[in-house]
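Trainee: Let me begin by handing over the structure; questions about it come next.
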Amino acid sequence: MRLNELRDNPGAAKKRKRIGRGPGSGRGKTGGVGIKGQKSRSGVAMKGFEGGQMPLYRRLPKRGFTNAPFRKHYAVINLGILEKFVQRGKIDPGQKVTEAVLVESGAVGKLRDGVRLLAKGEITAKLDIEVTGASKAAIAAVEKLGGTVTPTAPAKTPAETAGEAS
């Protein structure tokens, strides 16, 4: 095989629609945006604009509750990734695998609000893992090999620690 023989899979690259290329193209002249008016001009963003009338999304009252400011963001690690790091020698299976060990080895980038262990992939090493959370399938897979998964208390955010002081 040579470089000039390489081809993309059939249907992998779809040709883009060329607009404004004459009447024979079916998308010529006005290019599918009609004649005159604000929508036919460039630089138009009108989502939710109602011609100066108060838009519907502002006329209706706010409803419900959002937990967004208090949502926990966990770093995620799969069993398959953990196994790769054990095989490469970056994680010692004889030692307890803590969140600090995972960050130090490079298996997890940032701790965020803790580490959550998920069951994607296979694991062959017996490990004692100490993380913030784990799925039931991940716990079962580790315990099947004689290891343990110990959940720890999640790290408190500055907002939570400020609430305790008062």
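Order determines the names: the first chain of the structure tokens is A, the second B, and so forth; residues in each chain are numbered 1 upward, and ligands are numbered 1 upward as they are shown.
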Leaving out stretch 14-17 of chain A and any residue of its chain fewer than 2 positions from it, which residues lie within 12 Å of it when counting only C-alpha atoms, given as a ChimeraX atom specification?

Mentor: /A:8-12,19-21,25-28,31-32

Trainee: Go ahead and dump the residues you just picked, N, CA and C atoms, as a compact mmCIF listing (two decimals), in the first residue's frame.

Mentor:
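As written to disk, out-v5.txt reads:
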# COMPACT_ATOMS: atom_id res chain seq x y z
N ASP A 8 -10.52 7.25 1.71
CA ASP A 8 -11.44 7.29 2.83
C ASP A 8 -12.51 6.22 2.64
N ASN A 9 -13.13 5.78 3.72
CA ASN A 9 -14.22 4.82 3.62
C ASN A 9 -15.37 5.44 2.84
N PRO A 10 -16.10 4.66 2.05
CA PRO A 10 -17.22 5.24 1.30
C PRO A 10 -18.27 5.82 2.25
N GLY A 11 -18.65 7.06 1.99
CA GLY A 11 -19.65 7.73 2.81
C GLY A 11 -19.09 8.39 4.05
N ALA A 12 -17.77 8.31 4.28
CA ALA A 12 -17.19 8.89 5.49
C ALA A 12 -17.12 10.41 5.39
N ILE A 19 -23.62 26.95 -1.66
CA ILE A 19 -24.76 27.84 -1.80
C ILE A 19 -24.38 29.06 -2.64
N GLY A 20 -25.34 29.54 -3.43
CA GLY A 20 -25.12 30.75 -4.21
C GLY A 20 -24.23 30.54 -5.41
N ARG A 21 -24.38 29.41 -6.10
CA ARG A 21 -23.54 29.09 -7.26
C ARG A 21 -24.38 28.93 -8.53
N SER A 25 -27.93 25.10 -9.64
CA SER A 25 -27.55 24.33 -8.44
C SER A 25 -28.76 24.03 -7.56
N GLY A 26 -29.85 24.81 -7.72
CA GLY A 26 -31.00 24.63 -6.84
C GLY A 26 -30.88 25.43 -5.57
N ARG A 27 -29.71 26.01 -5.32
CA ARG A 27 -29.47 26.85 -4.15
C ARG A 27 -28.76 28.13 -4.59
N GLY A 28 -29.17 28.65 -5.74
CA GLY A 28 -28.50 29.82 -6.29
C GLY A 28 -29.15 31.11 -5.85
N GLY A 31 -29.78 31.89 -2.20
CA GLY A 31 -29.13 30.88 -1.34
C GLY A 31 -30.02 30.31 -0.27
N GLY A 32 -31.35 30.25 -0.51
CA GLY A 32 -32.24 29.59 0.45
C GLY A 32 -32.68 30.47 1.59

Trainee: Might you pull out every residue within 8 Å of A:Glu122, with only C-alpha atoms counted and same-chain residues fewer than 5 positions away left off, and present them as an mmCIF file with N, CA and C atoms, in the first residue's frame?

Mentor:
data_model
loop_
_atom_site.group_PDB
_atom_site.id
_atom_site.type_symbol
_atom_site.label_atom_id
_atom_site.label_comp_id
_atom_site.auth_asym_id
_atom_site.auth_seq_id
_atom_site.Cartn_x
_atom_site.Cartn_y
_atom_site.Cartn_z
ATOM 1 N N LEU A 79 -12.099 0.875 35.316
ATOM 2 C CA LEU A 79 -11.256 -0.258 35.715
ATOM 3 C C LEU A 79 -10.203 -0.571 34.655
ATOM 4 N N GLY A 80 -10.558 -0.441 33.375
ATOM 5 C CA GLY A 80 -9.622 -0.713 32.288
ATOM 6 C C GLY A 80 -8.408 0.210 32.332
ATOM 7 N N GLU A 83 -6.197 -0.784 35.228
ATOM 8 C CA GLU A 83 -5.424 -1.982 34.871
ATOM 9 C C GLU A 83 -4.205 -1.608 34.018
#

Trainee: Which of these residues is nearest to A:Thr150, using only C-alpha atoms: A:Val103, A:Ile129, A:Leu6, A:Leu117?

Mentor: A:Ile129

Trainee: Would you give me, as an MDAnalysis selection string, the residues in chain A that DSSP reads as alpha helix (DSSP H)?

Mentor: chainID A and resid 56:59 79:87 99:105 136:144 158:165

Trainee: Emit the selected residues as a compact mmCIF listing (two decimals), in the first residue's frame, including C-alpha atoms.

Mentor:
# COMPACT_ATOMS: atom_id res chain seq x y z
CA LEU A 56 -42.21 34.59 25.79
CA TYR A 57 -39.32 33.28 27.89
CA ARG A 58 -39.32 36.57 29.84
CA ARG A 59 -43.12 36.85 30.18
CA LEU A 79 -11.26 -0.26 35.72
CA GLY A 80 -9.62 -0.71 32.29
CA ILE A 81 -7.53 2.46 32.74
CA LEU A 82 -6.59 1.38 36.26
CA GLU A 83 -5.42 -1.98 34.87
CA LYS A 84 -3.26 -0.26 32.22
CA PHE A 85 -1.53 1.86 34.87
CA VAL A 86 -0.91 -1.23 37.03
CA GLN A 87 0.60 -3.09 34.04
CA GLU A 99 -6.96 9.46 45.12
CA ALA A 100 -3.52 11.00 45.74
CA VAL A 101 -1.85 7.94 44.14
CA LEU A 102 -4.14 8.21 41.10
CA VAL A 103 -3.26 11.88 40.58
CA GLU A 104 0.46 11.26 41.14
CA SER A 105 0.52 8.41 38.59
CA LYS A 136 -21.90 -1.32 42.13
CA ALA A 137 -20.47 -3.16 39.11
CA ALA A 138 -16.99 -1.73 39.77
CA ILE A 139 -17.12 -2.77 43.44
CA ALA A 140 -18.26 -6.27 42.45
CA ALA A 141 -15.46 -6.62 39.86
CA VAL A 142 -12.76 -5.58 42.36
CA GLU A 143 -14.14 -7.73 45.19
CA LYS A 144 -14.38 -10.76 42.87
CA PRO A 158 -15.25 26.31 50.09
CA ALA A 159 -18.98 27.17 50.13
CA GLU A 160 -19.72 24.14 52.34
CA THR A 161 -16.90 24.90 54.77
CA ALA A 162 -18.04 28.56 55.02
CA GLY A 163 -21.57 27.37 55.90
CA GLU A 164 -20.25 25.32 58.84
CA ALA A 165 -18.35 28.25 60.36

Trainee: Could you state the separation of atom CA of A:Gly43 and atom CA of A:Pro23 in Å, given to one decimal place?

Mentor: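 Calculated distance between atom CA of A:Gly43 and atom CA of A:Pro23 is 24.5 Å.
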
Trainee: Check the DSSP output for the backbone and give back, as a PyMOL selection string, the residues of stretch 63-142 of chain A in strand (DSSP E).

Mentor: chain A and resi 75-78+96-98+115-118+128-131+133-134

Trainee: Work out how far apart atom CA of A:Val76 and atom CA of A:Leu145 are and give it in Å to one decimal.

Mentor: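 Interatomic distance here is 21.3 Å.
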
Trainee: Fewer than 6 positions away in the same chain doesn't count, so skip those; otherwise give me all residues within 7 Å of A:Pro93, counting only C-alpha atoms, as a list in words.

Mentor: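 Counting only the stated atoms, we get Val86, Ala125, Lys126 and Leu127 of chain A.
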
Trainee: Could you take the residues named above and write them with N, CA and C atoms, as a JSON list (two decimals), in the first residue's frame?

Mentor:
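Writing done, so here's selection30.json:
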[["chain", "number", "residue", "atom", "x", "y", "z"],
["A", 86, "VAL", "N", -1.53, -0.18, 36.21],
["A", 86, "VAL", "CA", -0.91, -1.23, 37.03],
["A", 86, "VAL", "C", 0.10, -2.01, 36.17],
["A", 125, "ALA", "N", -5.62, -7.38, 38.47],
["A", 125, "ALA", "CA", -4.84, -7.25, 39.70],
["A", 125, "ALA", "C", -5.76, -7.10, 40.91],
["A", 126, "LYS", "N", -5.30, -7.67, 42.05],
["A", 126, "LYS", "CA", -6.04, -7.50, 43.31],
["A", 126, "LYS", "C", -5.64, -6.15, 43.88],
["A", 127, "LEU", "N", -6.61, -5.24, 44.02],
["A", 127, "LEU", "CA", -6.32, -3.88, 44.47],
["A", 127, "LEU", "C", -7.17, -3.50, 45.67]]

Trainee: Any idea what the distance is between atom CA of A:Phe70 and atom CA of A:Lys110?

Mentor: 18.4 Å

Trainee: List as a PyMOL selection string the protein and nucleic acid residues near A:Ala153, meaning an atom at most 12 Å away when only C-alpha atoms are counted, but skip any in the same chain fewer than 5 places from it.

Mentor: chain A and resi 99+113-116+130-133

Trainee: Using only C-alpha atoms, can you tell me which of A:Ala134, A:Ile123, A:Ala13, A:Ile35 comes closest to A:Gly146?

Mentor: A:Ile123
